[in-house]
>>> print(open('run09.txt').read())   # compact mmCIF, C-alpha atoms (C1' of nucleotides) and all ligand atoms
# COMPACT_ATOMS: atom_id res chain seq x y z
CA MET W 1 49.00 100.74 128.21
CA LYS W 2 51.33 99.10 130.59
CA LEU W 3 52.64 101.96 132.63
CA ILE W 4 54.35 99.40 134.82
CA THR W 5 55.61 95.94 133.97
CA ARG W 6 55.33 92.76 135.97
CA HIS W 7 58.87 93.18 137.22
CA THR W 8 57.88 96.46 138.75
CA ALA W 9 54.65 95.15 140.17
CA TYR W 10 56.36 92.12 141.67
CA ALA W 11 59.06 94.30 143.14
CA VAL W 12 56.40 96.45 144.72
CA GLY W 13 54.72 93.33 146.03
CA ALA W 14 57.93 92.14 147.64
CA ILE W 15 58.64 95.52 149.14
CA LEU W 16 55.13 95.80 150.52
CA PHE W 17 55.48 92.39 152.05
CA ALA W 18 58.77 93.29 153.68
CA ALA W 19 57.40 96.60 154.91
CA LYS W 20 54.47 94.90 156.56
CA SER W 21 56.49 92.08 158.06
CA LYS W 22 57.80 92.36 161.61
CA GLN W 23 60.66 90.11 160.61
CA ASP W 24 64.06 91.68 160.08
CA ILE W 25 65.74 89.54 157.46
CA ILE W 26 63.51 87.69 155.06
CA SER W 27 64.60 84.85 152.80
CA VAL W 28 63.38 84.29 149.26
CA GLU W 29 61.50 81.27 150.51
CA GLU W 30 59.60 83.43 152.95
CA PHE W 31 58.93 86.09 150.37
CA TYR W 32 57.59 83.37 148.19
CA LYS W 33 55.21 82.08 150.84
CA GLY W 34 53.91 85.60 151.33
CA THR W 35 53.55 86.67 147.74
CA ARG W 36 53.42 83.54 145.58
CA ILE W 37 55.60 85.26 143.04
CA PRO W 38 57.56 82.53 141.19
CA LYS W 39 60.57 81.84 143.35
CA ALA W 40 63.39 82.03 140.82
CA PHE W 41 62.00 85.19 139.33
CA LEU W 42 61.42 86.75 142.69
CA ARG W 43 64.96 85.97 143.61
CA LYS W 44 66.35 87.75 140.61
CA ILE W 45 64.19 90.73 141.36
CA LEU W 46 65.37 90.85 144.95
CA GLN W 47 68.97 90.63 143.82
CA ILE W 48 68.47 93.59 141.56
CA LEU W 49 66.72 95.53 144.29
CA SER W 50 69.70 94.84 146.54
CA LYS W 51 72.14 96.13 144.02
CA ARG W 52 70.08 99.25 143.84
CA ASN W 53 70.11 99.65 147.59
CA ILE W 54 66.45 99.09 148.20
CA PHE W 55 67.33 96.00 150.17
CA SER W 56 70.52 94.92 151.83
CA SER W 57 71.29 91.26 151.42
CA PHE W 58 72.87 88.63 153.65
CA LYS W 59 74.42 85.49 152.35
CA GLY W 60 74.67 82.15 154.07
CA LYS W 61 72.43 80.37 156.47
CA GLN W 62 69.78 82.60 158.00
CA GLY W 63 70.48 85.01 155.20
CA GLY W 64 68.01 86.94 153.13
CA PHE W 65 67.01 90.49 152.48
CA ARG W 66 66.30 93.44 154.70
CA LEU W 67 64.44 96.49 153.53
CA ARG W 68 66.88 99.33 153.62
CA LYS W 69 64.64 102.32 153.31
CA ASN W 70 61.61 103.66 154.98
CA SER W 71 58.39 103.01 153.16
CA ASN W 72 57.84 106.68 152.51
CA GLN W 73 61.25 106.99 150.94
CA ILE W 74 60.45 104.56 148.15
CA SER W 75 58.21 105.66 145.33
CA LEU W 76 56.92 103.79 142.33
CA ILE W 77 59.15 105.81 140.09
CA ASP W 78 62.22 104.42 141.85
CA ILE W 79 61.14 100.89 141.16
CA ALA W 80 59.91 101.54 137.65
CA ASP W 81 63.20 103.24 136.89
CA ILE W 82 65.06 100.12 137.84
CA PHE W 83 63.05 97.66 135.81
CA GLN W 84 61.72 99.72 132.94
CA GLU W 85 64.42 101.02 130.75
CA GLY W 86 61.83 102.75 128.61
CA LEU W 87 61.10 105.37 131.21
CA LYS W 88 63.57 107.56 129.43
CA ILE W 89 61.87 109.92 127.06
CA ASN W 90 61.24 108.53 123.59
CA GLU W 91 63.08 109.52 120.50
CA CYS W 92 61.67 110.38 117.12
CA PHE W 93 58.86 107.99 116.21
CA PHE W 94 59.59 108.46 112.56
CA LYS W 95 62.75 108.52 110.64
CA LYS W 96 62.47 112.23 110.07
CA LYS W 97 60.58 113.70 107.17
CA LEU W 98 57.25 114.13 108.88
CA CYS W 99 58.57 116.96 110.96
CA ASP W 100 61.41 119.16 109.82
CA SER W 101 63.31 118.37 112.97
CA GLU W 102 62.86 116.48 116.14
CA LYS W 103 63.12 119.75 118.00
CA ASN W 104 59.80 121.06 116.82
CA CYS W 105 57.84 117.88 116.35
CA ALA W 106 54.39 118.55 117.71
CA LEU W 107 53.54 114.92 118.31
CA LYS W 108 56.71 114.23 120.20
CA LYS W 109 56.34 117.36 122.28
CA LYS W 110 52.83 116.48 123.32
CA ILE W 111 53.60 112.90 124.15
CA ASP W 112 56.66 113.92 126.08
CA ASP W 113 54.49 116.23 128.13
CA ILE W 114 52.20 113.39 129.04
CA GLU W 115 55.12 111.20 129.96
CA ARG W 116 56.40 113.83 132.30
CA MET W 117 52.99 113.96 133.93
CA VAL W 118 53.02 110.24 134.41
CA VAL W 119 56.48 110.33 135.93
CA LYS W 120 55.35 112.98 138.36
CA GLU W 121 52.40 110.85 139.37
CA LEU W 122 54.54 107.79 139.85
CA GLU W 123 56.83 109.82 142.03
CA SER W 124 53.94 110.69 144.28
CA ILE W 125 52.98 107.09 144.91
CA THR W 126 55.11 105.81 147.77
CA ILE W 127 55.12 102.40 149.32
CA ALA W 128 53.77 104.08 152.44
CA SER W 129 50.84 105.48 150.50
CA LEU W 130 50.01 102.03 149.21
CA LEU W 131 50.12 100.59 152.71
CA ASN W 132 47.89 103.35 153.96
CA TYR W 133 45.38 102.83 151.24
CA ASN W 134 44.95 99.23 152.24
CA LYS W 135 44.85 100.04 155.91
CA ARG W 136 42.13 102.59 155.42
CA ARG W 137 40.00 100.23 153.38
CA ARG W 138 40.31 97.56 155.99
CA LEU W 139 38.71 99.75 158.62
CA LYS W 140 35.40 100.06 156.91
CA MET Q 141 57.27 104.24 128.43
CA LYS Q 142 55.77 103.97 125.03
CA LEU Q 143 52.44 105.65 125.40
CA ILE Q 144 52.02 105.30 121.69
CA THR Q 145 53.42 102.69 119.32
CA ARG Q 146 54.91 103.16 115.91
CA HIS Q 147 51.66 102.11 114.30
CA THR Q 148 49.93 104.98 116.01
CA ALA Q 149 52.66 107.46 115.22
CA TYR Q 150 52.73 106.44 111.58
CA ALA Q 151 48.98 106.66 111.36
CA VAL Q 152 49.15 110.15 112.78
CA GLY Q 153 51.84 110.99 110.26
CA ALA Q 154 49.69 109.80 107.40
CA ILE Q 155 46.66 111.66 108.66
CA LEU Q 156 48.65 114.85 109.13
CA PHE Q 157 49.96 114.51 105.62
CA ALA Q 158 46.48 114.07 104.22
CA ALA Q 159 45.12 116.94 106.27
CA LYS Q 160 47.78 119.27 104.96
CA SER Q 161 47.50 118.13 101.35
CA LYS Q 162 45.26 119.99 98.95
CA GLN Q 163 44.80 116.79 97.04
CA ASP Q 164 41.53 114.95 97.43
CA ILE Q 165 42.39 111.30 96.97
CA ILE Q 166 45.89 110.24 97.83
CA SER Q 167 47.50 106.94 96.84
CA VAL Q 168 49.84 104.93 99.02
CA GLU Q 169 52.64 105.88 96.68
CA GLU Q 170 51.98 109.52 97.33
CA PHE Q 171 51.68 109.03 101.05
CA TYR Q 172 54.99 107.28 100.87
CA LYS Q 173 56.68 110.14 99.08
CA GLY Q 174 55.38 112.52 101.69
CA THR Q 175 56.15 110.54 104.81
CA ARG Q 176 58.78 107.94 103.95
CA ILE Q 177 56.96 105.43 106.06
CA PRO Q 178 57.72 101.96 104.63
CA LYS Q 179 55.24 101.48 101.83
CA ALA Q 180 53.85 98.05 102.63
CA PHE Q 181 53.45 98.92 106.26
CA LEU Q 182 51.89 102.24 105.49
CA ARG Q 183 49.46 100.52 103.23
CA LYS Q 184 48.32 98.16 105.92
CA ILE Q 185 47.89 101.04 108.29
CA LEU Q 186 45.81 102.97 105.77
CA GLN Q 187 43.66 99.94 105.17
CA ILE Q 188 42.96 99.66 108.85
CA LEU Q 189 42.23 103.36 109.11
CA SER Q 190 39.74 102.94 106.26
CA LYS Q 191 37.96 100.14 107.98
CA ARG Q 192 37.69 102.36 111.00
CA ASN Q 193 36.22 105.18 108.95
CA ILE Q 194 39.07 107.61 109.34
CA PHE Q 195 39.64 107.39 105.61
CA SER Q 196 37.41 106.30 102.80
CA SER Q 197 39.16 104.27 100.17
CA PHE Q 198 38.87 103.98 96.41
CA LYS Q 199 40.01 101.02 94.45
CA GLY Q 200 41.27 100.92 90.93
CA LYS Q 201 43.20 103.36 88.85
CA GLN Q 202 43.36 106.85 90.36
CA GLY Q 203 42.30 105.25 93.59
CA GLY Q 204 43.63 105.89 97.07
CA PHE Q 205 42.45 107.29 100.34
CA ARG Q 206 40.49 110.37 101.30
CA LEU Q 207 40.42 111.70 104.81
CA ARG Q 208 36.90 111.34 106.02
CA LYS Q 209 36.87 113.49 109.09
CA ASN Q 210 37.78 116.99 109.96
CA SER Q 211 41.13 117.37 111.63
CA ASN Q 212 39.53 118.55 114.85
CA GLN Q 213 37.33 115.49 114.97
CA ILE Q 214 40.25 113.10 115.20
CA SER Q 215 42.13 112.81 118.45
CA LEU Q 216 45.14 110.73 119.36
CA ILE Q 217 43.00 108.53 121.50
CA ASP Q 218 40.99 107.47 118.44
CA ILE Q 219 44.12 106.35 116.67
CA ALA Q 220 45.74 104.78 119.70
CA ASP Q 221 42.52 102.89 120.35
CA ILE Q 222 42.72 101.35 116.94
CA PHE Q 223 46.31 100.22 117.06
CA GLN Q 224 46.95 99.66 120.72
CA GLU Q 225 44.82 96.98 122.17
CA GLY Q 226 46.43 97.58 125.54
CA LEU Q 227 44.59 100.82 126.06
CA LYS Q 228 42.04 98.84 127.96
CA ILE Q 229 42.64 99.03 131.68
CA ASN Q 230 45.03 96.42 133.04
CA GLU Q 231 44.05 93.45 135.11
CA CYS Q 232 45.67 92.18 138.25
CA PHE Q 233 49.44 92.34 137.96
CA PHE Q 234 49.80 89.43 140.33
CA LYS Q 235 48.03 86.19 140.56
CA LYS Q 236 46.22 87.26 143.70
CA LYS Q 237 47.69 86.83 147.14
CA LEU Q 238 49.33 90.21 147.43
CA CYS Q 239 46.03 91.93 147.75
CA ASP Q 240 42.96 90.21 149.16
CA SER Q 241 41.03 91.06 146.04
CA GLU Q 242 41.48 92.95 142.86
CA LYS Q 243 38.74 95.29 143.98
CA ASN Q 244 40.78 96.88 146.69
CA CYS Q 245 44.27 96.59 145.33
CA ALA Q 246 45.99 99.86 146.06
CA LEU Q 247 48.58 99.51 143.34
CA LYS Q 248 46.06 98.73 140.67
CA LYS Q 249 43.81 101.56 141.75
CA LYS Q 250 46.58 104.10 141.58
CA ILE Q 251 47.90 102.94 138.24
CA ASP Q 252 44.40 102.87 136.82
CA ASP Q 253 43.98 106.47 137.90
CA ILE Q 254 47.08 107.48 136.01
CA GLU Q 255 45.94 105.60 132.94
CA ARG Q 256 42.68 107.44 132.97
CA MET Q 257 44.60 110.69 133.13
CA VAL Q 258 46.66 109.70 130.14
CA VAL Q 259 43.60 108.75 128.17
CA LYS Q 260 42.07 112.10 128.92
CA GLU Q 261 45.19 113.84 127.70
CA LEU Q 262 45.30 111.80 124.52
CA GLU Q 263 41.70 112.73 123.92
CA SER Q 264 42.61 116.38 124.07
CA ILE Q 265 45.26 116.12 121.38
CA THR Q 266 43.56 116.44 118.03
CA ILE Q 267 45.10 116.35 114.61
CA ALA Q 268 44.10 119.99 114.32
CA SER Q 269 46.04 120.84 117.45
CA LEU Q 270 49.13 119.17 116.04
CA LEU Q 271 48.80 121.11 112.81
CA ASN Q 272 48.39 124.34 114.72
CA TYR Q 273 51.41 123.69 116.83
CA ASN Q 274 53.58 123.39 113.77
CA LYS Q 275 52.00 126.37 112.12
CA ARG Q 276 52.62 128.54 115.12
CA ARG Q 277 56.26 127.52 115.37
CA ARG Q 278 56.79 128.27 111.75
CA LEU Q 279 55.82 131.90 112.17
CA LYS Q 280 58.64 132.73 114.51
C1' DA M 281 42.61 94.53 77.61
C1' DC M 282 45.53 96.48 80.74
C1' DA M 283 47.64 98.86 84.30
C1' DA M 284 47.11 101.03 88.57
C1' DA M 285 45.15 101.00 92.47
C1' DT M 286 43.19 98.86 97.18
C1' DG M 287 41.33 94.42 100.00
C1' DA M 288 42.45 90.54 102.44
C1' DT M 289 45.50 87.83 104.56
C1' DA M 290 49.36 85.06 105.61
C1' DC M 291 53.87 85.15 106.80
C1' DT M 292 58.42 86.61 108.79
C1' DA M 293 61.57 89.35 111.74
C1' DA M 294 62.90 91.91 115.63
C1' DT M 295 62.42 93.24 120.24
C1' DA M 296 60.84 93.23 124.84
C1' DT M 297 59.15 90.83 128.57
C1' DG M 298 58.77 87.09 131.60
C1' DG M 299 60.84 83.29 133.61
C1' DT M 300 64.18 79.14 134.70
C1' DA M 301 68.46 76.86 135.83
C1' DT M 302 73.05 76.38 137.38
C1' DC M 303 77.35 77.01 139.42
C1' DA M 304 80.01 79.85 142.66
C1' DT M 305 80.39 81.88 147.12
C1' DT M 306 79.30 82.91 151.82
C1' DT M 307 78.02 81.78 156.54
C1' DA M 308 75.52 79.77 160.71
C1' DT M 309 75.31 75.58 162.91
C1' DT M 310 76.83 71.17 164.48
C1' DA V 311 85.94 70.68 159.46
C1' DA V 312 81.72 69.38 157.24
C1' DT V 313 77.30 70.52 155.94
C1' DA V 314 73.30 72.81 154.64
C1' DA V 315 71.03 77.01 153.75
C1' DA V 316 71.25 80.98 151.90
C1' DT V 317 72.48 84.78 148.10
C1' DG V 318 75.59 86.37 143.74
C1' DA V 319 76.31 86.11 139.08
C1' DT V 320 75.03 84.80 134.85
C1' DA V 321 73.52 82.25 131.01
C1' DC V 322 69.73 80.57 129.02
C1' DC V 323 64.91 79.69 127.34
C1' DA V 324 59.86 80.90 126.41
C1' DT V 325 56.32 83.89 125.24
C1' DA V 326 54.13 87.90 123.63
C1' DT V 327 54.06 92.05 121.26
C1' DT V 328 55.38 94.98 117.76
C1' DA V 329 57.09 95.86 113.33
C1' DG V 330 57.26 94.85 108.77
C1' DT V 331 56.91 92.14 104.07
C1' DA V 332 54.78 89.62 100.37
C1' DT V 333 51.20 87.80 97.62
C1' DC V 334 47.02 86.94 95.43
C1' DA V 335 42.33 88.71 94.65
C1' DT V 336 39.42 92.42 93.23
C1' DT V 337 38.10 96.83 91.38
C1' DT V 338 38.19 100.56 88.06
C1' DG V 339 39.78 104.33 84.80
C1' DT V 340 41.74 104.70 80.29
S1 LIG E 1 58.38 112.23 115.50
FE1 LIG E 1 60.38 112.52 114.74
S2 LIG E 1 60.40 114.46 113.82
FE2 LIG E 1 58.36 114.16 114.61
S1 LIG E 2 47.50 93.63 141.59
FE1 LIG E 2 46.11 91.99 141.64
S2 LIG E 2 45.21 92.02 143.60
FE2 LIG E 2 46.65 93.70 143.56
>>> encode(input="run09.txt", output="structure tokens")
Amino acid sequence: MKLITRHTAYAVGAILFAAKSKQDIISVEEFYKGTRIPKAFLRKILQILSKRNIFSSFKGKQGGFRLRKNSNQISLIDIADIFQEGLKINECFFKKKLCDSEKNCALKKKIDDIERMVVKELESITIASLLNYNKRRRLK
Amino acid sequence: MKLITRHTAYAVGAILFAAKSKQDIISVEEFYKGTRIPKAFLRKILQILSKRNIFSSFKGKQGGFRLRKNSNQISLIDIADIFQEGLKINECFFKKKLCDSEKNCALKKKIDDIERMVVKELESITIASLLNYNKRRRLK
DNA sequence: ACAAATGATACTAATATGGTATCATTTATT
DNA sequence: AATAAATGATACCATATTAGTATCATTTGT
């Protein structure tokens, strides 16, 4: 079904790594060592995340990225929004005819409802909640 | 987000059309007139739906397709299952490393939960419920 | 015999996703 | 001042998925 794409998942991976790290500024190289996400790709993702203020970035020697928000202030929906254009609600699946108008298209209405549910769920999943999940498991 | 693809939506359109029609056997040409879904494509979709026992098909002159199930016995999940391979639950988004093992990957767990929710919702949307929705609107 | 239908299947086109490469710019260090 | 280590911007390529067309074979009513 692909609720999230690899971009999103990788971004989450990078953010999780940064959130766990005690280091302040982390370079792509270091992210790579921690996550094994292909370096060039990872870099592009981090650049985008910087532009969107999830990270701040520092050029030049000793440069890298610093997580800019607290882990409970970042939710999956934020990340998915950045990388998945399609999060916007779909338009008419048909080219009319099936339903008199898009406004009272049963299929569209129902699917839109589900999408809204999914969005709400994604909102509720924060980076912090992911960290916690892992921490809890580790205790057992 | 694309919970359903065009294949699925078209299939639903064709099924709705057949369910509403008083005609018994309907040819692709007639489906086309009713739905304006591209004929060749529609035909392929109907063929697939026949193989999957949603329609029975009749070759030769006066042939076509007859809806084989009652409209409350067909749910969106049935159709989506046929046309969207990806309904199966996703595998690891990464190539390991981020999480120790796929079994206790927080991200995957949470996304899987949402997917199961979506599946349940799709199950609850029957062709009959779509027909009803439209009927109800029309009364106002 | 023929025309009107579907079956099977191969092919093409468009789009979205995933990923790489390169040159420009900035900055800490020496 | 020179250099090396970093990101910024951006163009490009590769792959997969989705969407759609075309064609030949087969069946069947008239
Ligand atoms: S999907 Fe477009 S009018 Fe129903
Ligand atoms: S997504 Fe694969 S181990 Fe977490």
>>> closest_atom_pairs(input="run09.txt", of="chain W", to="ligand LIG 2 (chain E)", cutoff="10 Å", atoms="all atoms listed in the file", output="Markdown table")
| residue | atom | partner | partner_atom | distance |
| --- | --- | --- | --- | --- |
| W:Arg6 | CA | E:LIG2 | S1 | 9.7 |
| W:Ala9 | CA | E:LIG2 | S1 | 7.4 |
| W:Tyr10 | CA | E:LIG2 | S1 | 9.0 |
| W:Val12 | CA | E:LIG2 | S1 | 9.8 |
| W:Gly13 | CA | E:LIG2 | FE2 | 8.4 |
>>> write_last_selection(input="run09.txt", atoms="C-alpha atoms", output="PDB file, keeping the file's coordinate frame")
ATOM      1  CA  ARG W   6      55.330  92.760 135.970  1.00  0.00           C
ATOM      2  CA  ALA W   9      54.650  95.150 140.170  1.00  0.00           C
ATOM      3  CA  TYR W  10      56.360  92.120 141.670  1.00  0.00           C
ATOM      4  CA  VAL W  12      56.400  96.450 144.720  1.00  0.00           C
ATOM      5  CA  GLY W  13      54.720  93.330 146.030  1.00  0.00           C
TER       6      GLY W  13
END
>>> residues_around(input="run09.txt", residues="DT289 in chain M", least_positions_apart="3", cutoff="12 Å", atoms="only C-alpha atoms (C1' of nucleotides)", output="list in words")
Lys184 of chain Q; DA332, DT333, DC334 and DA335 of chain V
>>> residues_around(input="run09.txt", residues="range 62-68 of chain W", least_positions_apart="3", cutoff="10 Å", atoms="all atoms listed in the file", output="number ranges by chain")
W: 14-19, 23-31, 46-47, 49-50, 53-59, 71, 73-74; M: 306-308; V: 315-317
>>> axis_aligned_box(input="run09.txt", around="ligand LIG 1 (chain E)", padding_each_side="3 Å", output="lines of an AutoDock Vina configuration file")
center_x = 59.4
center_y = 113.3
center_z = 114.7
size_x = 8.0
size_y = 8.2
size_z = 7.7
>>> interface_residues(input="run09.txt", of="chain M", to="chain W", cutoff="9 Å", atoms="only C-alpha atoms (C1' of nucleotides)", output="ChimeraX atom specification")
/M:297-301,305-309
>>> atom_distance(input="run09.txt", atom1="CA of Met141 in chain Q", atom2="CA of Gly174 in chain Q")
28.1 Å
>>> atom_distance(input="run09.txt", atom1="CA of Ile37 in chain W", atom2="CA of Ala80 in chain W")
17.7 Å
>>> interface_residues(input="run09.txt", of="chain Q", to="chain W", cutoff="9 Å", atoms="only C-alpha atoms", output="MDAnalysis selection string")
chainID Q and resid 141:146 149:150 152:154 156:157 174:177 224:230 233:239 244:247 250:251 254:255 257:258 261:262 265 269:274 277
>>> write_last_selection(input="run09.txt", atoms="C-alpha atoms", output="JSON list (two decimals), keeping the file's coordinate frame")
[["chain", "number", "residue", "atom", "x", "y", "z"],
["Q", 141, "MET", "CA", 57.27, 104.24, 128.43],
["Q", 142, "LYS", "CA", 55.77, 103.97, 125.03],
["Q", 143, "LEU", "CA", 52.44, 105.65, 125.40],
["Q", 144, "ILE", "CA", 52.02, 105.30, 121.69],
["Q", 145, "THR", "CA", 53.42, 102.69, 119.32],
["Q", 146, "ARG", "CA", 54.91, 103.16, 115.91],
["Q", 149, "ALA", "CA", 52.66, 107.46, 115.22],
["Q", 150, "TYR", "CA", 52.73, 106.44, 111.58],
["Q", 152, "VAL", "CA", 49.15, 110.15, 112.78],
["Q", 153, "GLY", "CA", 51.84, 110.99, 110.26],
["Q", 154, "ALA", "CA", 49.69, 109.80, 107.40],
["Q", 156, "LEU", "CA", 48.65, 114.85, 109.13],
["Q", 157, "PHE", "CA", 49.96, 114.51, 105.62],
["Q", 174, "GLY", "CA", 55.38, 112.52, 101.69],
["Q", 175, "THR", "CA", 56.15, 110.54, 104.81],
["Q", 176, "ARG", "CA", 58.78, 107.94, 103.95],
["Q", 177, "ILE", "CA", 56.96, 105.43, 106.06],
["Q", 224, "GLN", "CA", 46.95, 99.66, 120.72],
["Q", 225, "GLU", "CA", 44.82, 96.98, 122.17],
["Q", 226, "GLY", "CA", 46.43, 97.58, 125.54],
["Q", 227, "LEU", "CA", 44.59, 100.82, 126.06],
["Q", 228, "LYS", "CA", 42.04, 98.84, 127.96],
["Q", 229, "ILE", "CA", 42.64, 99.03, 131.68],
["Q", 230, "ASN", "CA", 45.03, 96.42, 133.04],
["Q", 233, "PHE", "CA", 49.44, 92.34, 137.96],
["Q", 234, "PHE", "CA", 49.80, 89.43, 140.33],
["Q", 235, "LYS", "CA", 48.03, 86.19, 140.56],
["Q", 236, "LYS", "CA", 46.22, 87.26, 143.70],
["Q", 237, "LYS", "CA", 47.69, 86.83, 147.14],
["Q", 238, "LEU", "CA", 49.33, 90.21, 147.43],
["Q", 239, "CYS", "CA", 46.03, 91.93, 147.75],
["Q", 244, "ASN", "CA", 40.78, 96.88, 146.69],
["Q", 245, "CYS", "CA", 44.27, 96.59, 145.33],
["Q", 246, "ALA", "CA", 45.99, 99.86, 146.06],
["Q", 247, "LEU", "CA", 48.58, 99.51, 143.34],
["Q", 250, "LYS", "CA", 46.58, 104.10, 141.58],
["Q", 251, "ILE", "CA", 47.90, 102.94, 138.24],
["Q", 254, "ILE", "CA", 47.08, 107.48, 136.01],
["Q", 255, "GLU", "CA", 45.94, 105.60, 132.94],
["Q", 257, "MET", "CA", 44.60, 110.69, 133.13],
["Q", 258, "VAL", "CA", 46.66, 109.70, 130.14],
["Q", 261, "GLU", "CA", 45.19, 113.84, 127.70],
["Q", 262, "LEU", "CA", 45.30, 111.80, 124.52],
["Q", 265, "ILE", "CA", 45.26, 116.12, 121.38],
["Q", 269, "SER", "CA", 46.04, 120.84, 117.45],
["Q", 270, "LEU", "CA", 49.13, 119.17, 116.04],
["Q", 271, "LEU", "CA", 48.80, 121.11, 112.81],
["Q", 272, "ASN", "CA", 48.39, 124.34, 114.72],
["Q", 273, "TYR", "CA", 51.41, 123.69, 116.83],
["Q", 274, "ASN", "CA", 53.58, 123.39, 113.77],
["Q", 277, "ARG", "CA", 56.26, 127.52, 115.37]]
>>> interface_residues(input="run09.txt", of="chain V", to="chain Q", cutoff="9 Å", atoms="all atoms listed in the file", output="PyMOL selection string")
chain V and resi 328-332+336-340
>>> atom_distance(input="run09.txt", atom1="CA of Phe223 in chain Q", atom2="atom FE1 of ligand LIG 1 (chain E)")
18.8 Å
>>> closest_residue(input="run09.txt", among="W:Lys20, W:Glu91, W:Tyr32, W:Ile79", to="ligand LIG 1 (chain E)", atoms="all atoms listed in the file")
W:Glu91
>>> build_atoms(input="run09.txt", residues="range 152-170 of chain Q", atoms="N, CA and C atoms", output="short mmCIF file (atom, residue, chain, number, x, y, z; two decimals), keeping the file's coordinate frame")
data_model
loop_
_atom_site.label_atom_id
_atom_site.label_comp_id
_atom_site.auth_asym_id
_atom_site.auth_seq_id
_atom_site.Cartn_x
_atom_site.Cartn_y
_atom_site.Cartn_z
N VAL Q 152 49.25 108.71 112.58
CA VAL Q 152 49.15 110.15 112.78
C VAL Q 152 49.89 110.88 111.66
N GLY Q 153 51.08 110.37 111.34
CA GLY Q 153 51.84 110.99 110.26
C GLY Q 153 51.07 111.00 108.96
N ALA Q 154 50.44 109.89 108.65
CA ALA Q 154 49.69 109.80 107.40
C ALA Q 154 48.51 110.75 107.43
N ILE Q 155 47.84 110.79 108.56
CA ILE Q 155 46.66 111.66 108.66
C ILE Q 155 47.08 113.13 108.55
N LEU Q 156 48.16 113.48 109.22
CA LEU Q 156 48.65 114.85 109.13
C LEU Q 156 48.96 115.20 107.68
N PHE Q 157 49.61 114.27 107.02
CA PHE Q 157 49.96 114.51 105.62
C PHE Q 157 48.71 114.77 104.78
N ALA Q 158 47.71 113.92 104.98
CA ALA Q 158 46.48 114.07 104.22
C ALA Q 158 45.79 115.38 104.57
N ALA Q 159 45.81 115.73 105.84
CA ALA Q 159 45.12 116.94 106.27
C ALA Q 159 45.76 118.19 105.66
N LYS Q 160 47.08 118.11 105.50
CA LYS Q 160 47.78 119.27 104.96
C LYS Q 160 47.65 119.35 103.44
N SER Q 161 47.51 118.18 102.82
CA SER Q 161 47.50 118.13 101.35
C SER Q 161 46.26 118.81 100.77
N LYS Q 162 46.43 119.40 99.61
CA LYS Q 162 45.26 119.99 98.95
C LYS Q 162 44.63 118.97 98.03
N GLN Q 163 45.30 117.84 97.91
CA GLN Q 163 44.80 116.79 97.04
C GLN Q 163 43.62 116.09 97.70
N ASP Q 164 42.71 115.59 96.87
CA ASP Q 164 41.53 114.95 97.43
C ASP Q 164 41.83 113.51 97.78
N ILE Q 165 42.09 112.71 96.75
CA ILE Q 165 42.39 111.30 96.97
C ILE Q 165 43.88 111.08 96.82
N ILE Q 166 44.44 110.40 97.79
CA ILE Q 166 45.89 110.24 97.83
C ILE Q 166 46.23 108.75 97.81
N SER Q 167 47.13 108.35 96.92
CA SER Q 167 47.50 106.94 96.84
C SER Q 167 48.62 106.64 97.83
N VAL Q 168 48.79 105.36 98.10
CA VAL Q 168 49.84 104.93 99.02
C VAL Q 168 51.18 105.46 98.54
N GLU Q 169 51.40 105.37 97.25
CA GLU Q 169 52.64 105.88 96.68
C GLU Q 169 52.89 107.34 97.07
N GLU Q 170 51.84 108.10 96.99
CA GLU Q 170 51.98 109.52 97.33
C GLU Q 170 52.19 109.72 98.83
#
